[in-house]
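K.L.:
This is the structure I have questions about; it appears just below.
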Amino acid sequence: MAKDGKKGLGRGLDSIFGTDVEQFLEDIQNRSAEVPGRKEIRVPINEIRPNPYQPRKEFDPDALNELADSIRTHGIFTPLLVRKSVTGYDLITGERRLRAAKIAGLDTVPAISVDFTEEEMMEIAILENVQREDLNPIEEATAYDSLVKKLGYTQEKLAERVGKSREYCANIMRLLKLPDEVQGMVIDKKLTMSHVRPLLALDSEEEMTETARKIQKDKLSVREVEKYIRERNKPAPVRTHTDDRDPAIRALEERMSEKLGTQVTFRKNSFTIAFSDTADMNRILEELGCLEESLAE
């Protein structure tokens with residue numbers, strides 16, 4: 001906090017807006033946030049460049065047209081947030097309003113110009129969209145990945161910033177390991193996040209894509225998908241000449257093997273859980289609630 005009690009820039013992003021980006025942006029609108037170079041201006045639409053760090057790639061055409069109708073009638077109530085560049089302005093927040101204003105035929109839009117750094121521009125753009133909770137799962141995963149790889153977020157900081165658990169953040173970022181075609185099915189709402197997450201247990205992208213097509217074609221439920229993949233991954237049973245173990249132990253071994261989608265073998269005072277590679281190990285740890293993988297991996 002600045003000496004006068006207002007929020008200020010220049011001491012790191014944590015001291016700028018804490019964990020609530022929307023409140024910070026509202027403070028800028030209300031002139032209660034102290035930011036360098038703040039100016040209220042009108043900007044020609046053709047001088048505004050989209051924010052390259054905008055995580056949302058899909059915009060509902062019907063919603064944009066509805067917003068455009070409102071803008072034609074009432075104008076734009078909330079100014080866009082921009083920063084001056086050498087040849088115009090970079091958009092920080094307000095892409096829906098900018099797109100709708102273009103549809104409405106406006107030549108200029110109200111804006112607030114601030115002197116943000118590239119890093120501040122990136123983080124605010126990403127977090128504003130994430131905290132609104134209207135990104136599709138792939139956009140959300142990409143946003144988290146950017147915060148980790150480009151801004152060096154730790155696992156704890158990411159979870160705090162976005163208001164989610166570390167496990168949730170790790171799980172959704174794993175969706176980026178899916179083939180592009182499968183990610184596209186999620187973006188197009190043909191499959192849900194719950195449908196495609198089990199695909200990560202498969203060995204190859206070809207298997208993931210093939211299975212995703214089957215899920216869509218056969219309209220499989222999430223439970224049916226999980227069962228299908230468990231059966232597909234189930235190792236061939238090891239035949240022994242006799243098995244005189246306690247039937248309760250054998251039954252438990254079978255239940256755990258089915259639950260974890262891999263071979264579980266009980267021996268005297270121990271049991272073994274098989275996995276094929278690191279990804280398969282992480283999947284099993286996730287099932288057991290023990291996942292502690294690094295988000296940057």
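Here, A, B, ... name the chains of the structure tokens in the order displayed, residue numbers run from 1 inside each chain, and ligands are numbered from 1 in the same displayed order.
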Using only C-alpha atoms, determine which residues lie at most 10 Å from Met193 in chain A, disregarding the query and same-chain residues fewer than 5 positions distant; provide the list as a ChimeraX atom specification.
P.N.:
/A:136-138,171-172,175,183,185-187,198,222
K.L.:
With distances taken over only C-alpha atoms, which residue among A:Ile45, A:Ala159, A:Leu80, A:Val86 lies nearest Ala104 in chain A?
P.N.:
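For Ala104 in chain A, the nearest of the given residues is A:Ile45.
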K.L.:
Could you please write out, as number ranges by chain, every residue of range 123-195 of chain A that DSSP assigns to helix (DSSP H, G or I)?
P.N.:
A: 123-132, 137-151, 155-162, 166-177, 180-187, 193-195
K.L.:
Could those residues be written to a file, using C-alpha atoms, as an mmCIF file, in the first residue's frame?
P.N.:
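Output contents, as saved in part_36.cif:
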data_model
loop_
_atom_site.group_PDB
_atom_site.id
_atom_site.type_symbol
_atom_site.label_atom_id
_atom_site.label_comp_id
_atom_site.auth_asym_id
_atom_site.auth_seq_id
_atom_site.Cartn_x
_atom_site.Cartn_y
_atom_site.Cartn_z
ATOM 1 C CA GLU A 123 -0.916 -10.800 -15.321
ATOM 2 C CA ILE A 124 -3.896 -8.456 -15.062
ATOM 3 C CA ALA A 125 -5.314 -9.606 -18.402
ATOM 4 C CA ILE A 126 -5.008 -13.277 -17.482
ATOM 5 C CA LEU A 127 -6.233 -13.011 -13.893
ATOM 6 C CA GLU A 128 -9.190 -10.803 -14.756
ATOM 7 C CA ASN A 129 -10.488 -13.473 -17.118
ATOM 8 C CA VAL A 130 -9.686 -16.386 -14.806
ATOM 9 C CA GLN A 131 -11.403 -14.785 -11.830
ATOM 10 C CA ARG A 132 -14.558 -14.196 -13.881
ATOM 11 C CA PRO A 137 -11.288 -25.545 -19.615
ATOM 12 C CA ILE A 138 -8.610 -25.332 -22.309
ATOM 13 C CA GLU A 139 -8.455 -21.529 -22.104
ATOM 14 C CA GLU A 140 -8.249 -21.794 -18.326
ATOM 15 C CA ALA A 141 -5.456 -24.376 -18.517
ATOM 16 C CA THR A 142 -3.537 -22.207 -21.002
ATOM 17 C CA ALA A 143 -3.925 -19.182 -18.730
ATOM 18 C CA TYR A 144 -2.541 -21.097 -15.748
ATOM 19 C CA ASP A 145 0.320 -22.407 -17.879
ATOM 20 C CA SER A 146 1.218 -18.838 -18.904
ATOM 21 C CA LEU A 147 1.270 -17.680 -15.293
ATOM 22 C CA VAL A 148 3.611 -20.528 -14.379
ATOM 23 C CA LYS A 149 5.962 -20.447 -17.358
ATOM 24 C CA LYS A 150 6.034 -16.737 -18.211
ATOM 25 C CA LEU A 151 5.649 -15.183 -14.760
ATOM 26 C CA GLN A 155 2.194 -23.991 -7.207
ATOM 27 C CA GLU A 156 1.045 -22.228 -4.052
ATOM 28 C CA LYS A 157 0.921 -18.769 -5.615
ATOM 29 C CA LEU A 158 -1.093 -19.947 -8.609
ATOM 30 C CA ALA A 159 -3.676 -21.623 -6.380
ATOM 31 C CA GLU A 160 -3.926 -18.505 -4.208
ATOM 32 C CA ARG A 161 -4.225 -16.128 -7.158
ATOM 33 C CA VAL A 162 -7.006 -18.032 -8.911
ATOM 34 C CA ARG A 166 -3.366 -26.920 -6.041
ATOM 35 C CA GLU A 167 -4.808 -30.260 -7.127
ATOM 36 C CA TYR A 168 -7.416 -28.537 -9.309
ATOM 37 C CA CYS A 169 -4.768 -26.369 -10.981
ATOM 38 C CA ALA A 170 -2.504 -29.356 -11.621
ATOM 39 C CA ASN A 171 -5.355 -31.432 -13.037
ATOM 40 C CA ILE A 172 -6.660 -28.807 -15.422
ATOM 41 C CA MET A 173 -3.168 -27.945 -16.710
ATOM 42 C CA ARG A 174 -2.693 -31.611 -17.604
ATOM 43 C CA LEU A 175 -5.394 -31.132 -20.252
ATOM 44 C CA LEU A 176 -2.745 -29.363 -22.348
ATOM 45 C CA LYS A 177 -1.069 -32.770 -22.789
ATOM 46 C CA ASP A 180 -5.116 -30.774 -30.368
ATOM 47 C CA GLU A 181 -8.147 -32.590 -31.774
ATOM 48 C CA VAL A 182 -9.259 -33.657 -28.304
ATOM 49 C CA GLN A 183 -8.687 -30.164 -26.907
ATOM 50 C CA GLY A 184 -10.835 -28.857 -29.758
ATOM 51 C CA MET A 185 -13.681 -31.161 -28.715
ATOM 52 C CA VAL A 186 -13.571 -29.602 -25.248
ATOM 53 C CA ILE A 187 -13.481 -26.063 -26.654
ATOM 54 C CA MET A 193 -13.298 -31.914 -18.898
ATOM 55 C CA SER A 194 -14.520 -34.931 -16.919
ATOM 56 C CA HIS A 195 -14.808 -36.940 -20.155
#
K.L.:
Just want the 12 Å neighbourhood of Ser270 in chain A, counted on only C-alpha atoms, with same-chain residues fewer than 5 positions away dropped. Output as JSON, numbers by chain.
P.N.:
{"A": [249, 253, 264, 265]}
